[in-house]
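*Asks:* Next comes protein39.pdb, PDB, C-alpha atoms:
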ATOM      1  CA  MET A   1     -22.133  23.529 -63.096
ATOM      2  CA  THR A   2     -22.741  20.516 -60.869
ATOM      3  CA  ILE A   3     -23.657  21.102 -57.243
ATOM      4  CA  HIS A   4     -23.776  17.967 -55.135
ATOM      5  CA  GLU A   5     -26.423  17.586 -52.486
ATOM      6  CA  LEU A   6     -26.026  16.200 -48.964
ATOM      7  CA  ALA A   7     -28.594  15.541 -46.269
ATOM      8  CA  ASN A   8     -28.320  17.619 -43.110
ATOM      9  CA  ASN A   9     -27.661  16.106 -39.657
ATOM     10  CA  PRO A  10     -30.669  17.129 -37.537
ATOM     11  CA  THR A  11     -29.702  14.855 -34.620
ATOM     12  CA  LEU A  12     -26.075  16.130 -34.582
ATOM     13  CA  SER A  13     -25.020  12.498 -34.776
ATOM     14  CA  GLY A  14     -21.289  11.837 -34.396
ATOM     15  CA  GLN A  15     -20.426  15.397 -33.374
ATOM     16  CA  VAL A  16     -18.247  15.949 -30.299
ATOM     17  CA  ARG A  17     -17.928  19.059 -28.149
ATOM     18  CA  LEU A  18     -14.771  20.048 -26.243
ATOM     19  CA  ILE A  19     -15.449  22.150 -23.129
ATOM     20  CA  GLU A  20     -12.057  23.509 -22.127
ATOM     21  CA  ASN A  21     -10.474  24.658 -18.868
ATOM     22  CA  ILE A  22     -13.343  24.092 -16.473
ATOM     23  CA  VAL A  23     -12.335  25.092 -12.946
ATOM     24  CA  TYR A  24     -13.421  22.270 -10.645
ATOM     25  CA  GLY A  25     -11.956  23.717  -7.464
ATOM     26  CA  ALA A  26      -9.031  25.490  -5.865
ATOM     27  CA  MET A  27      -6.403  24.229  -3.429
ATOM     28  CA  ASP A  28      -3.590  26.231  -1.848
ATOM     29  CA  GLY A  29      -4.707  29.212  -3.905
ATOM     30  CA  GLU A  30      -4.362  27.323  -7.194
ATOM     31  CA  ALA A  31      -7.243  26.767  -9.599
ATOM     32  CA  LEU A  32      -7.745  23.149 -10.622
ATOM     33  CA  HIS A  33      -8.797  22.520 -14.212
ATOM     34  CA  MET A  34     -10.391  19.846 -16.350
ATOM     35  CA  SER A  35     -11.694  19.596 -19.898
ATOM     36  CA  ILE A  36     -14.783  17.641 -20.894
ATOM     37  CA  LEU A  37     -15.618  15.861 -24.128
ATOM     38  CA  ALA A  38     -19.351  15.514 -24.656
ATOM     39  CA  PRO A  39     -21.788  15.024 -27.528
ATOM     40  CA  TRP A  40     -22.515  18.181 -29.536
ATOM     41  CA  THR A  41     -26.170  18.003 -28.468
ATOM     42  CA  GLN A  42     -25.090  18.857 -24.926
ATOM     43  CA  ARG A  43     -24.348  22.400 -26.143
ATOM     44  CA  PHE A  44     -28.025  22.953 -26.991
ATOM     45  CA  PRO A  45     -30.018  21.632 -24.018
ATOM     46  CA  LYS A  46     -33.238  23.457 -24.989
ATOM     47  CA  GLN A  47     -33.356  21.907 -28.453
ATOM     48  CA  TYR A  48     -31.842  18.481 -27.736
ATOM     49  CA  GLN A  49     -32.095  16.044 -24.882
ATOM     50  CA  THR A  50     -28.808  14.264 -24.196
ATOM     51  CA  GLU A  51     -29.411  11.088 -22.240
ATOM     52  CA  PRO A  52     -27.019  10.601 -19.287
ATOM     53  CA  ARG A  53     -23.912   8.665 -20.267
ATOM     54  CA  PRO A  54     -21.220   6.719 -18.407
ATOM     55  CA  LEU A  55     -18.259   8.895 -17.456
ATOM     56  CA  ILE A  56     -14.561   8.252 -18.085
ATOM     57  CA  VAL A  57     -12.216  10.325 -15.922
ATOM     58  CA  PHE A  58      -8.822  10.409 -17.634
ATOM     59  CA  VAL A  59      -5.556  11.328 -15.863
ATOM     60  CA  GLN A  60      -2.544  11.897 -18.107
ATOM     61  CA  GLY A  61       0.865  10.765 -16.843
ATOM     62  CA  SER A  62       3.129  13.619 -15.787
ATOM     63  CA  SER A  63       5.699  12.266 -13.292
ATOM     64  CA  TRP A  64       3.343  13.684 -10.657
ATOM     65  CA  ARG A  65       3.674  17.170 -12.138
ATOM     66  CA  THR A  66       0.703  19.046 -13.655
ATOM     67  CA  PRO A  67      -0.719  16.864 -16.449
ATOM     68  CA  LYS A  68      -1.195  18.183 -19.987
ATOM     69  CA  MET A  69      -4.918  17.891 -20.547
ATOM     70  CA  GLY A  70      -4.730  17.778 -24.341
ATOM     71  CA  GLU A  71      -2.232  14.933 -24.661
ATOM     72  CA  GLU A  72      -4.786  12.182 -25.308
ATOM     73  CA  ILE A  73      -7.850  14.210 -26.328
ATOM     74  CA  PRO A  74      -7.600  13.261 -30.043
ATOM     75  CA  GLN A  75      -7.769   9.574 -29.079
ATOM     76  CA  LEU A  76     -10.453  10.081 -26.420
ATOM     77  CA  VAL A  77     -12.919  11.536 -28.936
ATOM     78  CA  GLN A  78     -13.733   8.015 -30.111
ATOM     79  CA  PHE A  79     -15.080   7.168 -26.659
ATOM     80  CA  VAL A  80     -17.601  10.010 -26.859
ATOM     81  CA  GLN A  81     -18.688   8.669 -30.249
ATOM     82  CA  ALA A  82     -19.086   5.275 -28.542
ATOM     83  CA  GLY A  83     -21.484   6.697 -25.947
ATOM     84  CA  TYR A  84     -19.374   8.099 -23.097
ATOM     85  CA  ILE A  85     -18.638  11.460 -21.510
ATOM     86  CA  VAL A  86     -14.887  11.959 -21.014
ATOM     87  CA  ALA A  87     -13.260  14.346 -18.539
ATOM     88  CA  THR A  88      -9.486  14.806 -18.596
ATOM     89  CA  VAL A  89      -8.318  16.307 -15.313
ATOM     90  CA  GLN A  90      -5.305  18.134 -13.948
ATOM     91  CA  HIS A  91      -3.928  18.050 -10.424
ATOM     92  CA  ARG A  92      -1.351  20.006  -8.436
ATOM     93  CA  SER A  93       2.321  19.481  -9.222
ATOM     94  CA  SER A  94       4.635  17.900  -6.671
ATOM     95  CA  ILE A  95       7.503  19.983  -8.083
ATOM     96  CA  ASP A  96       5.631  23.121  -6.983
ATOM     97  CA  GLY A  97       5.614  21.971  -3.385
ATOM     98  CA  HIS A  98       2.483  19.795  -3.343
ATOM     99  CA  SER A  99       3.602  16.477  -1.898
ATOM    100  CA  PHE A 100       1.517  13.306  -1.619
ATOM    101  CA  PRO A 101      -1.449  13.028  -1.208
ATOM    102  CA  ALA A 102      -2.174  16.294  -3.094
ATOM    103  CA  PHE A 103      -2.514  14.688  -6.538
ATOM    104  CA  LEU A 104      -4.827  11.980  -5.193
ATOM    105  CA  GLN A 105      -6.982  14.475  -3.298
ATOM    106  CA  ASP A 106      -7.350  16.549  -6.465
ATOM    107  CA  VAL A 107      -8.378  13.653  -8.702
ATOM    108  CA  LYS A 108     -10.934  12.538  -6.131
ATOM    109  CA  THR A 109     -12.226  16.107  -5.901
ATOM    110  CA  ALA A 110     -12.637  16.160  -9.682
ATOM    111  CA  ILE A 111     -14.771  12.998  -9.505
ATOM    112  CA  ARG A 112     -16.987  14.520  -6.825
ATOM    113  CA  PHE A 113     -17.310  17.747  -8.864
ATOM    114  CA  LEU A 114     -18.430  15.742 -11.891
ATOM    115  CA  ARG A 115     -21.038  13.888  -9.853
ATOM    116  CA  ALA A 116     -22.251  17.195  -8.376
ATOM    117  CA  ASN A 117     -22.624  18.550 -11.933
ATOM    118  CA  ALA A 118     -23.840  15.332 -13.535
ATOM    119  CA  GLN A 119     -27.039  16.820 -14.962
ATOM    120  CA  LYS A 120     -25.201  19.803 -16.473
ATOM    121  CA  TYR A 121     -22.750  17.570 -18.364
ATOM    122  CA  ALA A 122     -25.127  14.671 -19.191
ATOM    123  CA  ILE A 123     -23.305  12.255 -16.870
ATOM    124  CA  ASP A 124     -24.729   9.133 -15.271
ATOM    125  CA  PRO A 125     -23.264   9.480 -11.743
ATOM    126  CA  GLN A 126     -23.780   5.769 -11.074
ATOM    127  CA  GLN A 127     -21.431   4.774 -13.920
ATOM    128  CA  VAL A 128     -17.962   6.251 -13.457
ATOM    129  CA  ALA A 129     -14.664   4.817 -14.685
ATOM    130  CA  ILE A 130     -11.161   6.173 -14.158
ATOM    131  CA  TRP A 131      -8.337   5.689 -16.661
ATOM    132  CA  GLY A 132      -4.761   6.829 -16.221
ATOM    133  CA  THR A 133      -1.315   6.550 -17.758
ATOM    134  CA  SER A 134       1.977   6.313 -15.811
ATOM    135  CA  SER A 135       1.705   8.565 -12.717
ATOM    136  CA  GLY A 136      -1.901   9.194 -13.774
ATOM    137  CA  ALA A 137      -2.455   5.437 -13.721
ATOM    138  CA  ASN A 138      -0.933   5.349 -10.249
ATOM    139  CA  ALA A 139      -3.598   7.893  -9.264
ATOM    140  CA  ALA A 140      -6.307   5.863 -11.026
ATOM    141  CA  MET A 141      -5.322   2.682  -9.188
ATOM    142  CA  LEU A 142      -5.312   4.481  -5.848
ATOM    143  CA  VAL A 143      -8.727   5.984  -6.560
ATOM    144  CA  GLY A 144     -10.044   2.498  -7.291
ATOM    145  CA  LEU A 145      -8.573   1.100  -4.085
ATOM    146  CA  THR A 146      -9.517   3.966  -1.716
ATOM    147  CA  GLY A 147     -13.063   4.891  -2.677
ATOM    148  CA  ASP A 148     -14.542   7.429  -0.241
ATOM    149  CA  ASP A 149     -11.585   7.073   2.122
ATOM    150  CA  PRO A 150     -11.952  10.079   4.473
ATOM    151  CA  HIS A 151      -8.162  10.359   4.689
ATOM    152  CA  TYR A 152      -8.125  11.747   1.135
ATOM    153  CA  LYS A 153     -11.315  13.815   1.204
ATOM    154  CA  VAL A 154     -11.124  17.612   1.232
ATOM    155  CA  ASP A 155     -13.916  20.123   1.896
ATOM    156  CA  LEU A 156     -15.116  20.416  -1.711
ATOM    157  CA  TYR A 157     -18.300  18.523  -2.733
ATOM    158  CA  GLN A 158     -18.245  16.410   0.402
ATOM    159  CA  ASP A 159     -21.769  15.120  -0.180
ATOM    160  CA  GLU A 160     -20.630  13.306  -3.320
ATOM    161  CA  SER A 161     -18.793   9.989  -3.645
ATOM    162  CA  ASP A 162     -15.323   9.662  -5.175
ATOM    163  CA  ALA A 163     -15.632   5.883  -5.601
ATOM    164  CA  VAL A 164     -15.516   4.492  -9.143
ATOM    165  CA  ASN A 165     -17.033   1.502 -10.934
ATOM    166  CA  ALA A 166     -14.072   0.520 -13.141
ATOM    167  CA  VAL A 167     -10.333   1.243 -13.404
ATOM    168  CA  VAL A 168      -8.052   1.243 -16.451
ATOM    169  CA  SER A 169      -4.300   1.459 -15.824
ATOM    170  CA  CYS A 170      -1.576   1.922 -18.440
ATOM    171  CA  PHE A 171       2.032   1.385 -17.278
ATOM    172  CA  ALA A 172       1.376   2.484 -13.684
ATOM    173  CA  PRO A 173       3.965   2.575 -10.908
ATOM    174  CA  MET A 174       2.476  -0.096  -8.639
ATOM    175  CA  ASP A 175       5.442  -0.072  -6.231
ATOM    176  CA  VAL A 176       6.719   3.501  -5.883
ATOM    177  CA  GLU A 177       9.894   2.646  -3.956
ATOM    178  CA  LYS A 178      10.954   0.067  -6.566
ATOM    179  CA  THR A 179      10.130   2.510  -9.366
ATOM    180  CA  PHE A 180      12.424   5.173  -7.933
ATOM    181  CA  GLU A 181      15.168   2.551  -7.522
ATOM    182  CA  TYR A 182      14.682   1.498 -11.167
ATOM    183  CA  ASP A 183      15.051   5.152 -12.255
ATOM    184  CA  ALA A 184      17.924   5.983  -9.890
ATOM    185  CA  ASN A 185      20.180   7.274 -12.683
ATOM    186  CA  VAL A 186      17.537   9.479 -14.306
ATOM    187  CA  PRO A 187      18.356  13.200 -13.836
ATOM    188  CA  GLY A 188      15.984  14.805 -11.336
ATOM    189  CA  ASN A 189      15.014  11.505  -9.715
ATOM    190  CA  LYS A 190      16.106  12.507  -6.226
ATOM    191  CA  LEU A 191      14.571  15.985  -6.507
ATOM    192  CA  LEU A 192      11.239  14.453  -7.468
ATOM    193  CA  GLN A 193      11.399  12.173  -4.429
ATOM    194  CA  TYR A 194      11.919  15.128  -2.089
ATOM    195  CA  CYS A 195       9.082  17.048  -3.736
ATOM    196  CA  LEU A 196       6.676  14.117  -3.776
ATOM    197  CA  LEU A 197       7.536  12.435  -0.472
ATOM    198  CA  GLY A 198       8.600  15.426   1.627
ATOM    199  CA  PRO A 199      11.878  16.533   3.250
ATOM    200  CA  ASP A 200      11.926  13.908   6.036
ATOM    201  CA  VAL A 201      13.656  10.923   4.426
ATOM    202  CA  SER A 202      12.800   8.709   7.407
ATOM    203  CA  LYS A 203       9.117   8.950   6.428
ATOM    204  CA  TRP A 204       9.655   7.995   2.801
ATOM    205  CA  PRO A 205       9.161   4.202   3.161
ATOM    206  CA  GLU A 206       5.723   4.620   4.734
ATOM    207  CA  ILE A 207       4.622   7.290   2.241
ATOM    208  CA  GLU A 208       5.847   5.163  -0.666
ATOM    209  CA  LYS A 209       3.696   2.291   0.595
ATOM    210  CA  GLN A 210       0.664   4.585   0.837
ATOM    211  CA  MET A 211       1.350   5.634  -2.766
ATOM    212  CA  SER A 212       1.840   2.062  -3.999
ATOM    213  CA  PRO A 213      -1.313   0.281  -5.228
ATOM    214  CA  LEU A 214       0.433  -3.049  -4.658
ATOM    215  CA  TYR A 215       0.361  -2.397  -0.902
ATOM    216  CA  GLN A 216      -3.112  -0.856  -0.745
ATOM    217  CA  VAL A 217      -5.105  -3.974  -1.607
ATOM    218  CA  LYS A 218      -6.917  -4.956   1.590
ATOM    219  CA  ASP A 219      -7.560  -8.658   2.124
ATOM    220  CA  GLY A 220     -11.177  -9.625   1.566
ATOM    221  CA  GLN A 221     -12.272  -6.204   0.332
ATOM    222  CA  ASN A 222     -14.324  -5.811  -2.823
ATOM    223  CA  TYR A 223     -12.977  -3.454  -5.479
ATOM    224  CA  PRO A 224     -14.190  -2.370  -8.915
ATOM    225  CA  PRO A 225     -12.989  -4.320 -11.978
ATOM    226  CA  PHE A 226      -9.456  -3.487 -13.144
ATOM    227  CA  LEU A 227      -7.921  -3.509 -16.625
ATOM    228  CA  LEU A 228      -4.104  -3.375 -16.630
ATOM    229  CA  PHE A 229      -1.660  -2.746 -19.500
ATOM    230  CA  HIS A 230       2.140  -2.557 -19.463
ATOM    231  CA  GLY A 231       4.904  -2.732 -22.042
ATOM    232  CA  ASP A 232       7.501  -5.429 -21.381
ATOM    233  CA  ALA A 233      10.325  -3.123 -22.565
ATOM    234  CA  ASP A 234       9.347  -0.230 -20.290
ATOM    235  CA  LYS A 235      12.431   1.765 -19.288
ATOM    236  CA  VAL A 236      10.621   3.889 -16.661
ATOM    237  CA  VAL A 237       8.399   1.491 -14.692
ATOM    238  CA  PRO A 238       9.339  -2.211 -14.546
ATOM    239  CA  TYR A 239       6.901  -4.479 -16.364
ATOM    240  CA  GLU A 240       7.027  -6.970 -13.464
ATOM    241  CA  GLN A 241       5.068  -4.522 -11.308
ATOM    242  CA  MET A 242       1.954  -5.111 -13.393
ATOM    243  CA  GLU A 243       2.314  -8.882 -13.019
ATOM    244  CA  LYS A 244       2.599  -8.549  -9.236
ATOM    245  CA  MET A 245      -0.435  -6.263  -9.118
ATOM    246  CA  TYR A 246      -2.437  -8.639 -11.275
ATOM    247  CA  MET A 247      -1.654 -11.566  -8.964
ATOM    248  CA  ARG A 248      -2.373  -9.522  -5.830
ATOM    249  CA  LEU A 249      -5.833  -8.572  -7.102
ATOM    250  CA  LYS A 250      -6.489 -12.057  -8.454
ATOM    251  CA  ASP A 251      -5.483 -13.732  -5.193
ATOM    252  CA  ASN A 252      -7.808 -11.343  -3.346
ATOM    253  CA  GLY A 253     -10.734 -12.493  -5.477
ATOM    254  CA  ASN A 254     -11.087  -9.257  -7.452
ATOM    255  CA  SER A 255     -12.003  -8.935 -11.122
ATOM    256  CA  VAL A 256      -8.879  -8.062 -13.136
ATOM    257  CA  GLU A 257      -7.642  -8.380 -16.727
ATOM    258  CA  ALA A 258      -4.032  -7.731 -17.745
ATOM    259  CA  TYR A 259      -2.217  -7.272 -21.055
ATOM    260  CA  ARG A 260       1.507  -7.376 -21.783
ATOM    261  CA  VAL A 261       2.382  -5.152 -24.746
ATOM    262  CA  LYS A 262       5.310  -6.887 -26.436
ATOM    263  CA  GLY A 263       8.371  -4.723 -27.046
ATOM    264  CA  ALA A 264       6.631  -1.537 -25.863
ATOM    265  CA  ASN A 265       8.462   1.175 -23.972
ATOM    266  CA  HIS A 266       6.867   3.728 -21.651
ATOM    267  CA  GLU A 267       4.181   5.715 -23.605
ATOM    268  CA  ARG A 268       5.851   6.015 -27.068
ATOM    269  CA  ASP A 269       5.213   2.814 -29.034
ATOM    270  CA  PHE A 270       2.814   1.454 -26.429
ATOM    271  CA  TRP A 271      -0.329   2.862 -28.053
ATOM    272  CA  SER A 272      -2.301   1.235 -30.853
ATOM    273  CA  PRO A 273      -5.927   0.989 -32.010
ATOM    274  CA  THR A 274      -5.983  -2.434 -30.353
ATOM    275  CA  ILE A 275      -5.419  -0.860 -26.924
ATOM    276  CA  TYR A 276      -8.325   1.547 -27.365
ATOM    277  CA  ASN A 277     -10.597  -1.235 -28.615
ATOM    278  CA  ILE A 278      -9.809  -3.386 -25.580
ATOM    279  CA  VAL A 279     -10.493  -0.460 -23.246
ATOM    280  CA  GLN A 280     -13.822   0.244 -24.916
ATOM    281  CA  LYS A 281     -14.909  -3.401 -24.750
ATOM    282  CA  PHE A 282     -13.921  -3.557 -21.063
ATOM    283  CA  LEU A 283     -15.955  -0.420 -20.272
ATOM    284  CA  ASP A 284     -18.885  -1.539 -22.407
ATOM    285  CA  ASP A 285     -18.954  -4.808 -20.462
ATOM    286  CA  GLN A 286     -19.252  -2.837 -17.219
ATOM    287  CA  PHE A 287     -21.727  -0.178 -18.292
ATOM    288  CA  LYS A 288     -23.799  -1.365 -21.272
TER     289      LYS A 288
END
Would it be possible to restate this file's structure as structure tokens?
*Replies:*
Amino acid sequence: MTIHELANNPTLSGQVRLIENIVYGAMDGEALHMSILAPWTQRFPKQYQTEPRPLIVFVQGSSWRTPKMGEEIPQLVQFVQAGYIVATVQHRSSIDGHSFPAFLQDVKTAIRFLRANAQKYAIDPQQVAIWGTSSGANAAMLVGLTGDDPHYKVDLYQDESDAVNAVVSCFAPMDVEKTFEYDANVPGNKLLQYCLLGPDVSKWPEIEKQMSPLYQVKDGQNYPPFLLFHGDADKVVPYEQMEKMYMRLKDNGNSVEAYRVKGANHERDFWSPTIYNIVQKFLDDQFK
């Protein structure tokens, strides 16, 4: 009989913990949830000291409905192994009657909650990035452009900041009006507009501008660094919107990188190890 021998792992190196369904607040009687990915040592604070790490707040695309928190978790694990804490957050659904700015208020509340609980989750509150896909990237861009804007601040964790230090956007609607026009023949398009923008159609143009990162860049204002990705065969959000956003930020003197993913549609064949490597390098450049 041959029994092989392995060394143990006393430092818990490489092990990742998933903390599921954390309630970070409640709005309109609805609990708001997030899940956190952290090093395994964070589970045993008396035996192990986990040094504070930069935080990535991830918002999954959902057509402004309630995001599925687990959609990207398998891919996000690698960022914990690279030295980050990752929180994937949900927000209220527009389809359930929560029009703009509900989703943006919720994501900002999640950031403030995480800063308020930074010690508990081994977070460095001075190093916070936000990363989103599709409608989640729309939220991420708006967070980056409206840090600590009182217009979007609710009563929860008011002593904390919701500003971020870096933004990663994947196939975001940068111009909401043009995106809805592009998707005019998609079933449910008009219903989503009513749910997201409200029943008064005369107010839609102004609300769409408030929701559009392209129109929220203020001349001469400093913003965190941005990393933009978009597939040039996207059938949901026109690729050209990323180019316009890139030029708007560039012309305003802001730090921005952009990548065109050749032949990529919305989500689907967009993802690759190369994307994740570029994101990690971008974040490492900001935080390490």
*Asks:* Given the file shown, enumerate the residues that the PyMOL selection byres ((chain A and resi 237) around 7) captures and present them as number ranges by chain.
*Replies:* A: 171, 173, 179, 234-236, 238-239
*Asks:* Starting from the shown file, work through the PyMOL selection byres ((chain A and resi 11) around 12) and note down what comes out as a ChimeraX atom specification.
*Replies:* /A:7-10,12-15,39-42,44,47-50
*Asks:* To test the calculation: enclose all listed atoms of segment 105-120 of chain A in a box whose edges run along x, y and z, add 3 Å on each side, then state centre and edge lengths in Å to one decimal, as lines of an AutoDock Vina configuration file.
*Replies:*
center_x = -17.0
center_y = 16.2
center_z = -9.9
size_x = 26.1
size_y = 13.3
size_z = 19.2
*Asks:* Neighbouring residues of segment 265-280 of chain A were defined as those with any atom within 6 Å, considering only C-alpha atoms; residues of the same chain fewer than 4 positions away were excluded. Please report them as a tab-separated table (two decimals) with C-alpha atoms, keeping the file's coordinate frame.
*Replies:*
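Output saved as part_25.tsv:
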chain	number	residue	atom	x	y	z
A	231	GLY	CA	4.90	-2.73	-22.04
A	233	ALA	CA	10.32	-3.12	-22.56
A	234	ASP	CA	9.35	-0.23	-20.29
A	284	ASP	CA	-18.89	-1.54	-22.41
*Asks:* Please write the residues picked by the PyMOL selection byres ((chain A and resi 245-261) around 6) on this file as a list in words.
*Replies:* Leu214, Pro225, Phe226, Leu227, Leu228, Phe229, His230, Gly231, Met242, Glu243, Lys244, Lys262 and Ala264 of chain A
*Asks:* Quick one, how far is atom CA of Pro224 of chain A from atom CA of Pro125 of chain A?
*Replies:* 15.2 Å
*Asks:* Figure out the distance between atom CA of Glu206 of chain A and atom CA of Arg112 of chain A, please, to one decimal in Å.
*Replies:* 27.3 Å
*Asks:* Any chance you could build segment 13-21 of chain A out to all heavy atoms and write it as an mmCIF file, in the frame of the given file?
*Replies:*
data_model
loop_
_atom_site.group_PDB
_atom_site.id
_atom_site.type_symbol
_atom_site.label_atom_id
_atom_site.label_comp_id
_atom_site.auth_asym_id
_atom_site.auth_seq_id
_atom_site.Cartn_x
_atom_site.Cartn_y
_atom_site.Cartn_z
ATOM 1 N N SER A 13 -25.661 13.797 -34.977
ATOM 2 C CA SER A 13 -25.020 12.498 -34.776
ATOM 3 C C SER A 13 -23.523 12.556 -35.077
ATOM 4 O O SER A 13 -23.093 13.136 -36.083
ATOM 5 C CB SER A 13 -25.676 11.462 -35.685
ATOM 6 O OG SER A 13 -25.006 10.224 -35.629
ATOM 7 N N GLY A 14 -22.728 11.960 -34.185
ATOM 8 C CA GLY A 14 -21.289 11.837 -34.396
ATOM 9 C C GLY A 14 -20.477 13.065 -34.064
ATOM 10 O O GLY A 14 -19.243 13.036 -34.158
ATOM 11 N N GLN A 15 -21.139 14.146 -33.651
ATOM 12 C CA GLN A 15 -20.426 15.397 -33.374
ATOM 13 C C GLN A 15 -20.025 15.474 -31.900
ATOM 14 O O GLN A 15 -20.820 15.146 -31.019
ATOM 15 C CB GLN A 15 -21.297 16.601 -33.742
ATOM 16 C CG GLN A 15 -21.789 16.566 -35.180
ATOM 17 C CD GLN A 15 -20.646 16.414 -36.162
ATOM 18 O OE1 GLN A 15 -19.786 17.284 -36.254
ATOM 19 N NE2 GLN A 15 -20.627 15.304 -36.883
ATOM 20 N N VAL A 16 -18.800 15.923 -31.650
ATOM 21 C CA VAL A 16 -18.247 15.949 -30.299
ATOM 22 C C VAL A 16 -17.895 17.378 -29.905
ATOM 23 O O VAL A 16 -17.330 18.134 -30.703
ATOM 24 C CB VAL A 16 -17.000 15.052 -30.197
ATOM 25 C CG1 VAL A 16 -16.383 15.121 -28.800
ATOM 26 C CG2 VAL A 16 -17.360 13.606 -30.539
ATOM 27 N N ARG A 17 -18.213 17.730 -28.682
ATOM 28 C CA ARG A 17 -17.928 19.059 -28.149
ATOM 29 C C ARG A 17 -16.800 18.989 -27.132
ATOM 30 O O ARG A 17 -16.793 18.111 -26.259
ATOM 31 C CB ARG A 17 -19.183 19.618 -27.466
ATOM 32 C CG ARG A 17 -18.992 21.008 -26.873
ATOM 33 C CD ARG A 17 -20.187 21.414 -26.030
ATOM 34 N NE ARG A 17 -20.049 22.795 -25.568
ATOM 35 C CZ ARG A 17 -20.744 23.326 -24.571
ATOM 36 N NH1 ARG A 17 -21.631 22.582 -23.917
ATOM 37 N NH2 ARG A 17 -20.548 24.582 -24.212
ATOM 38 N N LEU A 18 -15.841 19.906 -27.232
ATOM 39 C CA LEU A 18 -14.771 20.048 -26.243
ATOM 40 C C LEU A 18 -15.050 21.277 -25.387
ATOM 41 O O LEU A 18 -15.114 22.397 -25.895
ATOM 42 C CB LEU A 18 -13.411 20.193 -26.937
ATOM 43 C CG LEU A 18 -12.217 20.552 -26.031
ATOM 44 C CD1 LEU A 18 -11.989 19.485 -24.968
ATOM 45 C CD2 LEU A 18 -10.958 20.769 -26.871
ATOM 46 N N ILE A 19 -15.236 21.057 -24.088
ATOM 47 C CA ILE A 19 -15.449 22.150 -23.129
ATOM 48 C C ILE A 19 -14.141 22.305 -22.364
ATOM 49 O O ILE A 19 -13.782 21.454 -21.545
ATOM 50 C CB ILE A 19 -16.608 21.838 -22.168
ATOM 51 C CG1 ILE A 19 -17.839 21.332 -22.936
ATOM 52 C CG2 ILE A 19 -16.970 23.073 -21.347
ATOM 53 C CD1 ILE A 19 -18.911 20.745 -22.047
ATOM 54 N N GLU A 20 -13.425 23.371 -22.605
ATOM 55 C CA GLU A 20 -12.057 23.509 -22.127
ATOM 56 C C GLU A 20 -11.955 24.252 -20.795
ATOM 57 O O GLU A 20 -12.781 25.113 -20.485
ATOM 58 C CB GLU A 20 -11.200 24.239 -23.166
ATOM 59 C CG GLU A 20 -11.035 23.486 -24.470
ATOM 60 C CD GLU A 20 -10.107 24.206 -25.429
ATOM 61 O OE1 GLU A 20 -10.561 25.145 -26.097
ATOM 62 O OE2 GLU A 20 -8.921 23.820 -25.494
ATOM 63 N N ASN A 21 -10.916 23.901 -20.041
ATOM 64 C CA ASN A 21 -10.474 24.658 -18.868
ATOM 65 C C ASN A 21 -11.590 24.972 -17.880
ATOM 66 O O ASN A 21 -11.759 26.104 -17.437
ATOM 67 C CB ASN A 21 -9.778 25.948 -19.311
ATOM 68 C CG ASN A 21 -8.439 25.665 -19.951
ATOM 69 O OD1 ASN A 21 -7.632 24.911 -19.419
ATOM 70 N ND2 ASN A 21 -8.214 26.258 -21.110
#
